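In what follows, a single structure is set out as structure tokens and then discussed.
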Amino acid sequence: MTFEALGLHTSIIRALSDAGYTKPTGVQEQAVPAAISGRDLLVSSQTGSGKTAAFMLPALHKFATAADVMDTDAGKTPNQERQAARARGDRPRFQAAKPKMLVLTPTRELALQVTTATDKYSAYTRRIKAVSILGGMPYPKQMQLLSRNPEILVATPGRLIDHMESGKIDFSELEILVLDEADRMLDMGFIDDIEKIVDATPATRQTMLFSATLDGVVGNMARRITKDPMIIQIAGSATKHENITQKVHFVDDLSHKNRMLDHLLRDVSVDQAVVFTATKRDADTIADRLNIAGFAAAALHGDMHQGARNRTLDALRRGQVRVLVATDVAARGIDVPAITHVFNYDLPKFPEDYVHRIGRTGRAGRNGMAISLVNHAEGINVKRIERFTKQLIPVDVIEGFEPKKTASAPRSAARKPGGWKPGDKRTGPSTGNRDHKPGQRTFSKPGSGTTGSSAGPRKEGSGGYKGTRSGETTGARRSFSDR
Ligand code: AMP
């Protein structure tokens, strides 16, 4: 199958060839023709599967084809009409932006990534401007972007609502609505905002919803907002990362964990790595410690200003940051092909987050490695992840870093994922959550073989968590930093 065979506009084919894409991915092969035909779509596909292009290419095709027709009819586009009005000295103080397409994303990083991908795919498509409307971006800058009347808006729900309510955006001409990572948006508590936004769009719109799962609450919402959708499920499961090798290393305590992380980060096969922590404060602390130990490390979390987040991500893309220490919300959507390793310094609260975390490696068809450093009391959480992904995560032991205890049952390939029972062979009692005691962190300098140490109290990883998800444990019901 080729992109030409999907019937895409020549301007898009040219851009895809510049991007080095030789053939459509599975999700693109199915979604693009259906979307071009105008159908609503419900798509469950794994992260890194090429889903952005799956919704953006057919949209761009539609706009490019309409622009060709407009040329033939010699009609004026809305933006040309605005320019003509301005030339006549006819200057309304502010005209609401009237986008043709809206992409809603859970996080700012994902929104920026979608906008960047759109710019790439539309490099030769005339009359297409895509802008991101995000929390954390200064209002004057956003007003300036909106005054250009972009055809495509990529937005996080909270900030978008603010602009809708103040009359800066008018969705009466919207043709295409995309909900990207819809499950995550719902998890973050955006359901009311989404409903409000959907209600403000014309019933004639085409709707495409992408989600890790189409079950439960997401499925109910998906059915409400789509018409006769085509359901696309790639590889039967959104949760298998078959190109990513997964491992668990058991650790005795914080010091053991830190020494092991230090050792693993020196592995020559580590090009770039993301280390996930449970809290924003730990992300900062561990990034500082790793820097002291000589790694080019940086933190990324929701308490950082958008400018600082963007600079860190740029440095990661340019390879200046080798180890990114991040929380779940901030790291979602990071797409850097040189990330070879993901480390779970802390396990995520929810198995879905594990899937998103490890999807930061193994991008664009490469292989990746995902290593979880797990204390003995967390075996149950590993089991929950295995049940969710229907995959066994092998336990590995590094010579010289053997845990004193073997609290989890040794597992063989024959064992079913998540198949442990309370009575399974456990040697030694569970000791409680030892990692979450104030403790000492030690990292040694790369190549030095020496061990430096620095003491620091550890923040409790589960302090602010109240049962719904914000993605970062100090967050309230939803992360207001995303507004
Ligand atoms: P996504 O799932 O949209 O985040 O895409 C994951 C990665 O795959 C991104 O780096 C894209 O640039 C890349 N990608 C998307 N479609 C293709 C394709 N057809 N061929 C090669 N790479 C692709």
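Residue numbering restarts at 1 for every chain of the structure tokens, chains are lettered A, B, ... in their displayed order, and ligands are numbered from 1 as they appear.
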
What are the closest atom pairs, with distances in Å to one decimal, for all residues of chain A lying within 9 Å of ligand 1? Consider only C-alpha atoms and all ligand atoms, order rows by chain and residue number, and present the result as CSV.
residue,atom,partner,partner_atom_place_in_ligand_line,distance
A:Phe3,CA,ligand 1,19 (N),8.3
A:Leu16,CA,ligand 1,19 (N),7.9
A:Ala19,CA,ligand 1,12 (O),7.7
A:Gly20,CA,ligand 1,21 (C),6.8
A:Tyr21,CA,ligand 1,20 (N),4.0
A:Thr22,CA,ligand 1,20 (N),5.9
A:Lys23,CA,ligand 1,19 (N),5.1
A:Pro24,CA,ligand 1,19 (N),4.0
A:Thr25,CA,ligand 1,19 (N),4.8
A:Gly26,CA,ligand 1,19 (N),8.5
A:Gln28,CA,ligand 1,19 (N),7.2
A:Glu29,CA,ligand 1,19 (N),9.0
A:Ser45,CA,ligand 1,2 (O),8.4
A:Gln46,CA,ligand 1,2 (O),7.3
A:Thr47,CA,ligand 1,2 (O),5.0
A:Gly48,CA,ligand 1,2 (O),3.3
A:Ser49,CA,ligand 1,2 (O),4.0
A:Gly50,CA,ligand 1,2 (O),3.4
A:Lys51,CA,ligand 1,3 (O),4.1
A:Thr52,CA,ligand 1,3 (O),3.7
A:Ala53,CA,ligand 1,3 (O),5.8
A:Ala54,CA,ligand 1,3 (O),7.5
A:Leu110,CA,ligand 1,4 (O),8.6
A:Gln113,CA,ligand 1,4 (O),8.0
A:Val114,CA,ligand 1,3 (O),7.7
A:Ala117,CA,ligand 1,12 (O),7.1
A:Gly333,CA,ligand 1,4 (O),6.9
A:Ile334,CA,ligand 1,4 (O),8.2
A:Asp335,CA,ligand 1,10 (O),5.8
A:Val336,CA,ligand 1,10 (O),7.0
A:Pro337,CA,ligand 1,10 (O),6.6
A:Arg363,CA,ligand 1,7 (C),5.6
A:Ala364,CA,ligand 1,8 (O),4.0
A:Gly365,CA,ligand 1,8 (O),7.3

- Message: I'd like the contact shell of Arg357 of chain A - 9 Å cut-off, only C-alpha atoms, skipping same-chain residues fewer than 5 positions apart - returned as a ChimeraX atom specification.
- Response: /A:274,276,328,331-332,342-344,348,352,370

- Message: Using only C-alpha atoms, can you tell me which of A:Ile12, A:Val154, A:Val217, A:Val268 comes closest to Lys120 of chain A?
- Response: A:Ile12

- What residues in segment 135-363 of chain A get the DSSP label strand (DSSP E or B)? Please answer as a ChimeraX atom specification. /A:152-155,169,176-179,206-211,230-233,244-251,272-276,297-300,323-326,339-344

Dump of N, CA and C atoms for the selected residues, as a short mmCIF file (atom, residue, chain, number, x, y, z; two decimals), in the first residue's frame:
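Ended up saving to out_12.cif:
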data_model
loop_
_atom_site.label_atom_id
_atom_site.label_comp_id
_atom_site.auth_asym_id
_atom_site.auth_seq_id
_atom_site.Cartn_x
_atom_site.Cartn_y
_atom_site.Cartn_z
N ILE A 152 -6.85 25.52 11.22
CA ILE A 152 -6.77 24.38 12.15
C ILE A 152 -6.37 24.87 13.54
N LEU A 153 -7.18 24.53 14.53
CA LEU A 153 -6.85 24.84 15.93
C LEU A 153 -6.52 23.53 16.64
N VAL A 154 -5.41 23.54 17.37
CA VAL A 154 -5.08 22.38 18.20
C VAL A 154 -5.06 22.90 19.63
N ALA A 155 -5.88 22.34 20.49
CA ALA A 155 -6.07 22.98 21.80
C ALA A 155 -6.24 21.98 22.92
N ILE A 169 -13.58 32.72 19.63
CA ILE A 169 -13.62 31.60 18.68
C ILE A 169 -15.08 31.28 18.37
N ILE A 176 -14.42 19.62 10.89
CA ILE A 176 -13.84 18.38 11.43
C ILE A 176 -13.46 18.57 12.90
N LEU A 177 -13.90 17.63 13.73
CA LEU A 177 -13.53 17.63 15.16
C LEU A 177 -12.76 16.35 15.46
N VAL A 178 -11.58 16.52 16.08
CA VAL A 178 -10.79 15.34 16.47
C VAL A 178 -10.57 15.36 17.97
N LEU A 179 -10.82 14.24 18.61
CA LEU A 179 -10.45 14.09 20.02
C LEU A 179 -9.28 13.12 20.08
N GLN A 206 -17.65 16.33 10.87
CA GLN A 206 -17.10 14.97 10.90
C GLN A 206 -16.32 14.83 12.20
N THR A 207 -16.51 13.72 12.89
CA THR A 207 -15.85 13.54 14.20
C THR A 207 -14.95 12.32 14.16
N MET A 208 -13.71 12.51 14.65
CA MET A 208 -12.79 11.37 14.74
C MET A 208 -12.26 11.31 16.17
N LEU A 209 -12.41 10.15 16.79
CA LEU A 209 -11.97 10.02 18.18
C LEU A 209 -10.89 8.93 18.26
N PHE A 210 -9.78 9.30 18.86
CA PHE A 210 -8.67 8.36 19.05
C PHE A 210 -8.49 8.13 20.54
N SER A 211 -8.30 6.86 20.91
CA SER A 211 -8.24 6.55 22.33
C SER A 211 -7.52 5.20 22.49
N MET A 230 -17.10 4.48 11.86
CA MET A 230 -16.37 3.27 11.52
C MET A 230 -15.42 3.01 12.69
N ILE A 231 -15.43 1.79 13.18
CA ILE A 231 -14.59 1.48 14.34
C ILE A 231 -13.32 0.77 13.86
N ILE A 232 -12.20 1.33 14.23
CA ILE A 232 -10.92 0.77 13.79
C ILE A 232 -10.12 0.37 15.02
N GLN A 233 -9.80 -0.89 15.11
CA GLN A 233 -8.99 -1.34 16.24
C GLN A 233 -7.74 -1.98 15.69
N ILE A 244 9.10 -3.18 22.10
CA ILE A 244 9.75 -2.68 23.32
C ILE A 244 10.00 -3.84 24.29
N THR A 245 11.26 -4.01 24.66
CA THR A 245 11.60 -5.04 25.64
C THR A 245 11.32 -4.50 27.03
N GLN A 246 10.59 -5.26 27.81
CA GLN A 246 10.22 -4.77 29.14
C GLN A 246 10.88 -5.64 30.22
N LYS A 247 11.28 -5.00 31.29
CA LYS A 247 11.94 -5.71 32.39
C LYS A 247 11.56 -5.10 33.72
N VAL A 248 11.61 -5.92 34.74
CA VAL A 248 11.49 -5.42 36.12
C VAL A 248 12.77 -5.76 36.85
N HIS A 249 13.33 -4.79 37.59
CA HIS A 249 14.44 -5.06 38.51
C HIS A 249 13.93 -4.79 39.91
N PHE A 250 14.03 -5.76 40.79
CA PHE A 250 13.61 -5.51 42.18
C PHE A 250 14.74 -4.81 42.93
N VAL A 251 14.32 -3.86 43.78
CA VAL A 251 15.30 -3.11 44.58
C VAL A 251 14.92 -3.22 46.05
N GLN A 272 19.20 8.12 24.49
CA GLN A 272 18.51 9.06 25.38
C GLN A 272 17.49 8.28 26.20
N ALA A 273 17.18 8.81 27.38
CA ALA A 273 16.29 8.07 28.28
C ALA A 273 15.29 9.00 28.95
N VAL A 274 14.13 8.45 29.27
CA VAL A 274 13.17 9.17 30.12
C VAL A 274 13.04 8.38 31.42
N VAL A 275 13.19 9.07 32.53
CA VAL A 275 13.00 8.46 33.85
C VAL A 275 11.70 9.02 34.42
N PHE A 276 10.77 8.15 34.74
CA PHE A 276 9.48 8.62 35.26
C PHE A 276 9.46 8.57 36.77
N ALA A 297 21.07 15.83 32.45
CA ALA A 297 19.68 15.52 32.83
C ALA A 297 18.86 16.78 32.98
N ALA A 298 17.56 16.65 32.78
CA ALA A 298 16.65 17.79 33.00
C ALA A 298 15.31 17.26 33.46
N ALA A 299 14.61 18.07 34.24
CA ALA A 299 13.28 17.69 34.73
C ALA A 299 12.20 18.24 33.80
N LEU A 300 11.07 17.56 33.76
CA LEU A 300 9.91 18.06 33.01
C LEU A 300 8.65 17.71 33.80
N VAL A 323 19.07 12.61 29.62
CA VAL A 323 18.14 11.95 30.54
C VAL A 323 17.05 12.94 30.95
N LEU A 324 15.84 12.65 30.56
CA LEU A 324 14.72 13.51 30.96
C LEU A 324 14.05 12.85 32.16
N VAL A 325 13.88 13.59 33.25
CA VAL A 325 13.22 13.03 34.42
C VAL A 325 11.84 13.68 34.49
N ALA A 326 10.80 12.89 34.33
CA ALA A 326 9.49 13.49 34.05
C ALA A 326 8.37 12.83 34.83
N ILE A 339 15.02 8.30 21.84
CA ILE A 339 14.81 7.75 23.19
C ILE A 339 14.83 6.23 23.11
N THR A 340 15.91 5.66 23.64
CA THR A 340 16.09 4.21 23.56
C THR A 340 15.54 3.52 24.81
N HIS A 341 15.50 4.26 25.93
CA HIS A 341 15.13 3.64 27.20
C HIS A 341 14.11 4.47 27.97
N VAL A 342 13.20 3.76 28.60
CA VAL A 342 12.31 4.39 29.58
C VAL A 342 12.54 3.67 30.91
N PHE A 343 12.74 4.45 31.96
CA PHE A 343 12.89 3.87 33.29
C PHE A 343 11.73 4.31 34.17
N ASN A 344 11.10 3.38 34.80
CA ASN A 344 10.09 3.72 35.81
C ASN A 344 10.79 3.73 37.15
#

- Task: From segment 240-332 of chain A, collect each residue whose DSSP state is alpha helix (DSSP H) and return the set as a PyMOL selection string.
- Result: chain A and resi 254-265+280-292+306-317+328-331

File of the preceding selection, C-alpha atoms, as a PDB file, in the first residue's frame:
ATOM      1  CA  LEU A 254      16.141   3.935  47.698  1.00  0.00           C
ATOM      2  CA  SER A 255      19.890   3.731  47.788  1.00  0.00           C
ATOM      3  CA  HIS A 256      19.806   0.427  45.901  1.00  0.00           C
ATOM      4  CA  LYS A 257      17.397   1.959  43.391  1.00  0.00           C
ATOM      5  CA  ASN A 258      19.578   4.998  42.812  1.00  0.00           C
ATOM      6  CA  ARG A 259      22.718   2.957  42.344  1.00  0.00           C
ATOM      7  CA  MET A 260      20.925   0.730  39.881  1.00  0.00           C
ATOM      8  CA  LEU A 261      19.548   3.657  37.883  1.00  0.00           C
ATOM      9  CA  ASP A 262      23.011   5.152  37.792  1.00  0.00           C
ATOM     10  CA  HIS A 263      24.443   1.859  36.533  1.00  0.00           C
ATOM     11  CA  LEU A 264      21.719   1.355  33.929  1.00  0.00           C
ATOM     12  CA  LEU A 265      22.061   4.895  32.562  1.00  0.00           C
ATOM     13  CA  LYS A 280       7.035  16.779  40.424  1.00  0.00           C
ATOM     14  CA  ARG A 281       9.369  17.299  43.338  1.00  0.00           C
ATOM     15  CA  ASP A 282      11.089  13.967  42.768  1.00  0.00           C
ATOM     16  CA  ALA A 283      11.518  14.808  39.095  1.00  0.00           C
ATOM     17  CA  ASP A 284      13.423  17.950  40.129  1.00  0.00           C
ATOM     18  CA  THR A 285      15.427  16.211  42.834  1.00  0.00           C
ATOM     19  CA  ILE A 286      16.487  13.284  40.691  1.00  0.00           C
ATOM     20  CA  ALA A 287      17.360  15.503  37.712  1.00  0.00           C
ATOM     21  CA  ASP A 288      19.538  17.603  40.050  1.00  0.00           C
ATOM     22  CA  ARG A 289      21.224  14.532  41.461  1.00  0.00           C
ATOM     23  CA  LEU A 290      21.882  13.069  38.042  1.00  0.00           C
ATOM     24  CA  ASN A 291      23.337  16.367  36.883  1.00  0.00           C
ATOM     25  CA  ILE A 292      25.662  16.406  39.861  1.00  0.00           C
ATOM     26  CA  GLN A 306       5.419  26.530  29.333  1.00  0.00           C
ATOM     27  CA  GLY A 307       8.533  28.329  28.058  1.00  0.00           C
ATOM     28  CA  ALA A 308      10.774  26.225  30.286  1.00  0.00           C
ATOM     29  CA  ARG A 309       8.953  23.053  29.242  1.00  0.00           C
ATOM     30  CA  ASN A 310       9.403  23.893  25.579  1.00  0.00           C
ATOM     31  CA  ARG A 311      13.094  24.676  26.046  1.00  0.00           C
ATOM     32  CA  THR A 312      13.628  21.355  27.815  1.00  0.00           C
ATOM     33  CA  LEU A 313      11.842  19.440  25.071  1.00  0.00           C
ATOM     34  CA  ASP A 314      13.837  21.256  22.391  1.00  0.00           C
ATOM     35  CA  ALA A 315      17.066  20.388  24.213  1.00  0.00           C
ATOM     36  CA  LEU A 316      15.886  16.765  24.363  1.00  0.00           C
ATOM     37  CA  ARG A 317      15.144  16.753  20.638  1.00  0.00           C
ATOM     38  CA  ASP A 328       3.234  11.403  33.522  1.00  0.00           C
ATOM     39  CA  VAL A 329       1.297  14.480  32.427  1.00  0.00           C
ATOM     40  CA  ALA A 330       4.341  16.344  31.180  1.00  0.00           C
ATOM     41  CA  ALA A 331       5.804  13.431  29.305  1.00  0.00           C
TER      42      ALA A 331
END

- Which neighbours of Met185 of chain A fall inside 10 Å, counting only C-alpha atoms, when residues of the same chain fewer than 3 positions from it are skipped, and could you give them as a ChimeraX atom specification? /A:104-107,156-157,179-182,188-191,193-194,211,218,470,478

Restricting the output to all heavy atoms, write the selected residues as a compact mmCIF listing (two decimals), in the first residue's frame.
# COMPACT_ATOMS: atom_id res chain seq x y z
N LEU A 104 -8.61 18.39 19.78
CA LEU A 104 -8.49 18.51 21.24
C LEU A 104 -7.50 17.48 21.75
O LEU A 104 -7.57 16.30 21.38
CB LEU A 104 -9.84 18.25 21.90
CG LEU A 104 -10.91 19.34 21.77
CD1 LEU A 104 -12.20 18.87 22.43
CD2 LEU A 104 -10.43 20.64 22.38
N THR A 105 -6.57 17.93 22.57
CA THR A 105 -5.58 17.01 23.14
C THR A 105 -5.54 17.18 24.65
O THR A 105 -5.88 18.24 25.15
CB THR A 105 -4.15 17.29 22.60
OG1 THR A 105 -3.70 18.52 23.17
CG2 THR A 105 -4.11 17.39 21.10
N PRO A 106 -5.11 16.15 25.38
CA PRO A 106 -5.09 16.29 26.85
C PRO A 106 -3.99 17.23 27.35
O PRO A 106 -4.15 17.86 28.38
CB PRO A 106 -4.85 14.86 27.34
CG PRO A 106 -4.27 14.12 26.18
CD PRO A 106 -4.77 14.80 24.94
N THR A 107 -2.86 17.27 26.66
CA THR A 107 -1.73 18.04 27.20
C THR A 107 -1.18 19.03 26.18
O THR A 107 -1.38 18.89 24.98
CB THR A 107 -0.56 17.13 27.63
OG1 THR A 107 -0.04 16.49 26.46
CG2 THR A 107 -0.99 16.09 28.64
N THR A 156 -5.86 22.44 24.12
CA THR A 156 -6.25 21.72 25.33
C THR A 156 -7.61 22.29 25.75
O THR A 156 -7.87 23.48 25.55
CB THR A 156 -5.20 21.91 26.45
OG1 THR A 156 -4.88 23.30 26.56
CG2 THR A 156 -3.92 21.15 26.15
N PRO A 157 -8.50 21.46 26.31
CA PRO A 157 -9.89 21.90 26.51
C PRO A 157 -10.06 23.14 27.39
O PRO A 157 -10.85 24.02 27.07
CB PRO A 157 -10.56 20.68 27.15
CG PRO A 157 -9.72 19.52 26.74
CD PRO A 157 -8.32 20.02 26.65
N LEU A 179 -10.82 14.24 18.61
CA LEU A 179 -10.45 14.09 20.02
C LEU A 179 -9.28 13.12 20.08
O LEU A 179 -9.43 11.93 19.77
CB LEU A 179 -11.63 13.53 20.83
CG LEU A 179 -12.65 14.58 21.28
CD1 LEU A 179 -13.53 15.02 20.12
CD2 LEU A 179 -13.51 14.04 22.39
N ASP A 180 -8.11 13.64 20.41
CA ASP A 180 -6.91 12.81 20.43
C ASP A 180 -6.66 12.38 21.87
O ASP A 180 -6.73 13.19 22.79
CB ASP A 180 -5.73 13.63 19.90
CG ASP A 180 -4.54 12.76 19.54
OD1 ASP A 180 -4.67 11.53 19.60
OD2 ASP A 180 -3.47 13.33 19.20
N GLU A 181 -6.35 11.12 22.05
CA GLU A 181 -6.16 10.55 23.40
C GLU A 181 -7.36 10.89 24.30
O GLU A 181 -7.22 11.45 25.39
CB GLU A 181 -4.82 11.00 23.99
CG GLU A 181 -3.65 10.52 23.13
CD GLU A 181 -2.28 10.55 23.77
OE1 GLU A 181 -2.18 11.00 24.92
OE2 GLU A 181 -1.32 10.11 23.13
N ALA A 182 -8.53 10.55 23.78
CA ALA A 182 -9.79 10.88 24.46
C ALA A 182 -9.85 10.26 25.86
O ALA A 182 -10.34 10.89 26.80
CB ALA A 182 -10.96 10.40 23.62
N MET A 188 -8.47 13.01 32.98
CA MET A 188 -8.01 14.27 33.57
C MET A 188 -9.17 15.17 33.98
O MET A 188 -8.96 16.31 34.38
CB MET A 188 -7.08 14.99 32.58
CG MET A 188 -5.74 14.28 32.42
SD MET A 188 -4.77 14.93 31.06
CE MET A 188 -4.18 16.46 31.75
N GLY A 189 -10.38 14.66 33.80
CA GLY A 189 -11.54 15.41 34.29
C GLY A 189 -12.08 16.43 33.30
O GLY A 189 -12.78 17.36 33.69
N PHE A 190 -11.77 16.27 32.02
CA PHE A 190 -12.20 17.26 31.03
C PHE A 190 -13.58 16.98 30.43
O PHE A 190 -13.96 17.61 29.47
CB PHE A 190 -11.17 17.32 29.88
CG PHE A 190 -9.91 18.08 30.21
CD1 PHE A 190 -8.66 17.53 29.94
CD2 PHE A 190 -9.96 19.34 30.77
CE1 PHE A 190 -7.49 18.23 30.22
CE2 PHE A 190 -8.80 20.06 31.05
CZ PHE A 190 -7.56 19.49 30.78
N ILE A 191 -14.31 16.03 30.98
CA ILE A 191 -15.56 15.61 30.33
C ILE A 191 -16.53 16.78 30.11
O ILE A 191 -17.07 16.93 29.01
CB ILE A 191 -16.24 14.43 31.09
CG1 ILE A 191 -17.53 14.00 30.37
CG2 ILE A 191 -16.58 14.78 32.52
CD1 ILE A 191 -17.43 12.71 29.67
N ASP A 193 -15.93 20.00 29.92
CA ASP A 193 -15.39 20.91 28.92
C ASP A 193 -15.58 20.34 27.52
O ASP A 193 -15.97 21.04 26.58
CB ASP A 193 -13.89 21.15 29.16
CG ASP A 193 -13.63 22.01 30.39
OD1 ASP A 193 -14.61 22.55 30.93
OD2 ASP A 193 -12.47 22.14 30.80
N ILE A 194 -15.34 19.05 27.38
CA ILE A 194 -15.47 18.42 26.06
C ILE A 194 -16.92 18.51 25.59
O ILE A 194 -17.19 18.88 24.44
CB ILE A 194 -14.98 16.96 26.09
CG1 ILE A 194 -13.46 16.93 26.31
CG2 ILE A 194 -15.34 16.23 24.80
CD1 ILE A 194 -12.89 15.55 26.53
N SER A 211 -8.30 6.86 20.91
CA SER A 211 -8.24 6.55 22.33
C SER A 211 -7.52 5.20 22.49
O SER A 211 -7.58 4.35 21.60
CB SER A 211 -9.67 6.45 22.86
OG SER A 211 -9.67 6.07 24.20
N VAL A 218 -15.37 6.26 27.89
CA VAL A 218 -14.95 6.79 26.58
C VAL A 218 -15.89 6.29 25.49
O VAL A 218 -16.32 7.06 24.63
CB VAL A 218 -13.51 6.32 26.21
CG1 VAL A 218 -13.02 7.02 24.97
CG2 VAL A 218 -12.57 6.54 27.34
N SER A 470 -5.09 12.95 38.09
CA SER A 470 -4.61 14.20 37.50
C SER A 470 -3.35 13.92 36.74
O SER A 470 -2.86 14.71 35.99
CB SER A 470 -4.33 15.23 38.58
OG SER A 470 -3.17 14.85 39.27
N ARG A 478 -8.23 17.98 38.31
CA ARG A 478 -7.56 18.04 37.04
C ARG A 478 -6.43 19.05 37.14
O ARG A 478 -6.42 19.89 38.03
CB ARG A 478 -8.54 18.43 35.95
CG ARG A 478 -8.54 19.87 35.61
CD ARG A 478 -9.37 20.03 34.36
NE ARG A 478 -9.30 21.41 33.99
CZ ARG A 478 -10.30 22.07 33.44
NH1 ARG A 478 -11.43 21.46 33.20
NH2 ARG A 478 -10.17 23.32 33.12

- Task: Could you give me, as a VMD selection string, the residues within 12 Å of Glu165 of chain A, counting only C-alpha atoms and dropping anything in the same chain fewer than 6 positions from it?
- Result: chain A and resid 96 158 to 159 171 193 196 to 197 200

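For Asp252 of chain A, the set of protein, DNA and RNA residues having any atom at most 9 Å away, when counting only C-alpha atoms and skipping those fewer than 3 positions along the same chain, is Ser255, His256, Lys257, Val374, Asn375, His376, Pro403, Lys404, Lys405, Arg434 and Asp435 of chain A.
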
Could the residues in this selection be written to a file with C-alpha atoms, as an mmCIF file, in the first residue's frame?
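The new file out28.cif reads:
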data_model
loop_
_atom_site.group_PDB
_atom_site.id
_atom_site.type_symbol
_atom_site.label_atom_id
_atom_site.label_comp_id
_atom_site.auth_asym_id
_atom_site.auth_seq_id
_atom_site.Cartn_x
_atom_site.Cartn_y
_atom_site.Cartn_z
ATOM 1 C CA SER A 255 19.890 3.731 47.788
ATOM 2 C CA HIS A 256 19.806 0.427 45.901
ATOM 3 C CA LYS A 257 17.397 1.959 43.391
ATOM 4 C CA VAL A 374 10.303 -1.912 41.749
ATOM 5 C CA ASN A 375 10.442 -2.382 45.490
ATOM 6 C CA HIS A 376 9.256 -5.630 46.934
ATOM 7 C CA PRO A 403 18.337 -7.589 45.697
ATOM 8 C CA LYS A 404 18.809 -9.005 49.171
ATOM 9 C CA LYS A 405 15.241 -10.232 49.154
ATOM 10 C CA ARG A 434 10.255 1.134 51.919
ATOM 11 C CA ASP A 435 10.947 3.426 48.998
#

- Option closest in space to Lys62 of chain A, from A:Ser44, A:Gln30, A:Thr125, A:Thr115 [counting only C-alpha atoms]: A:Thr125
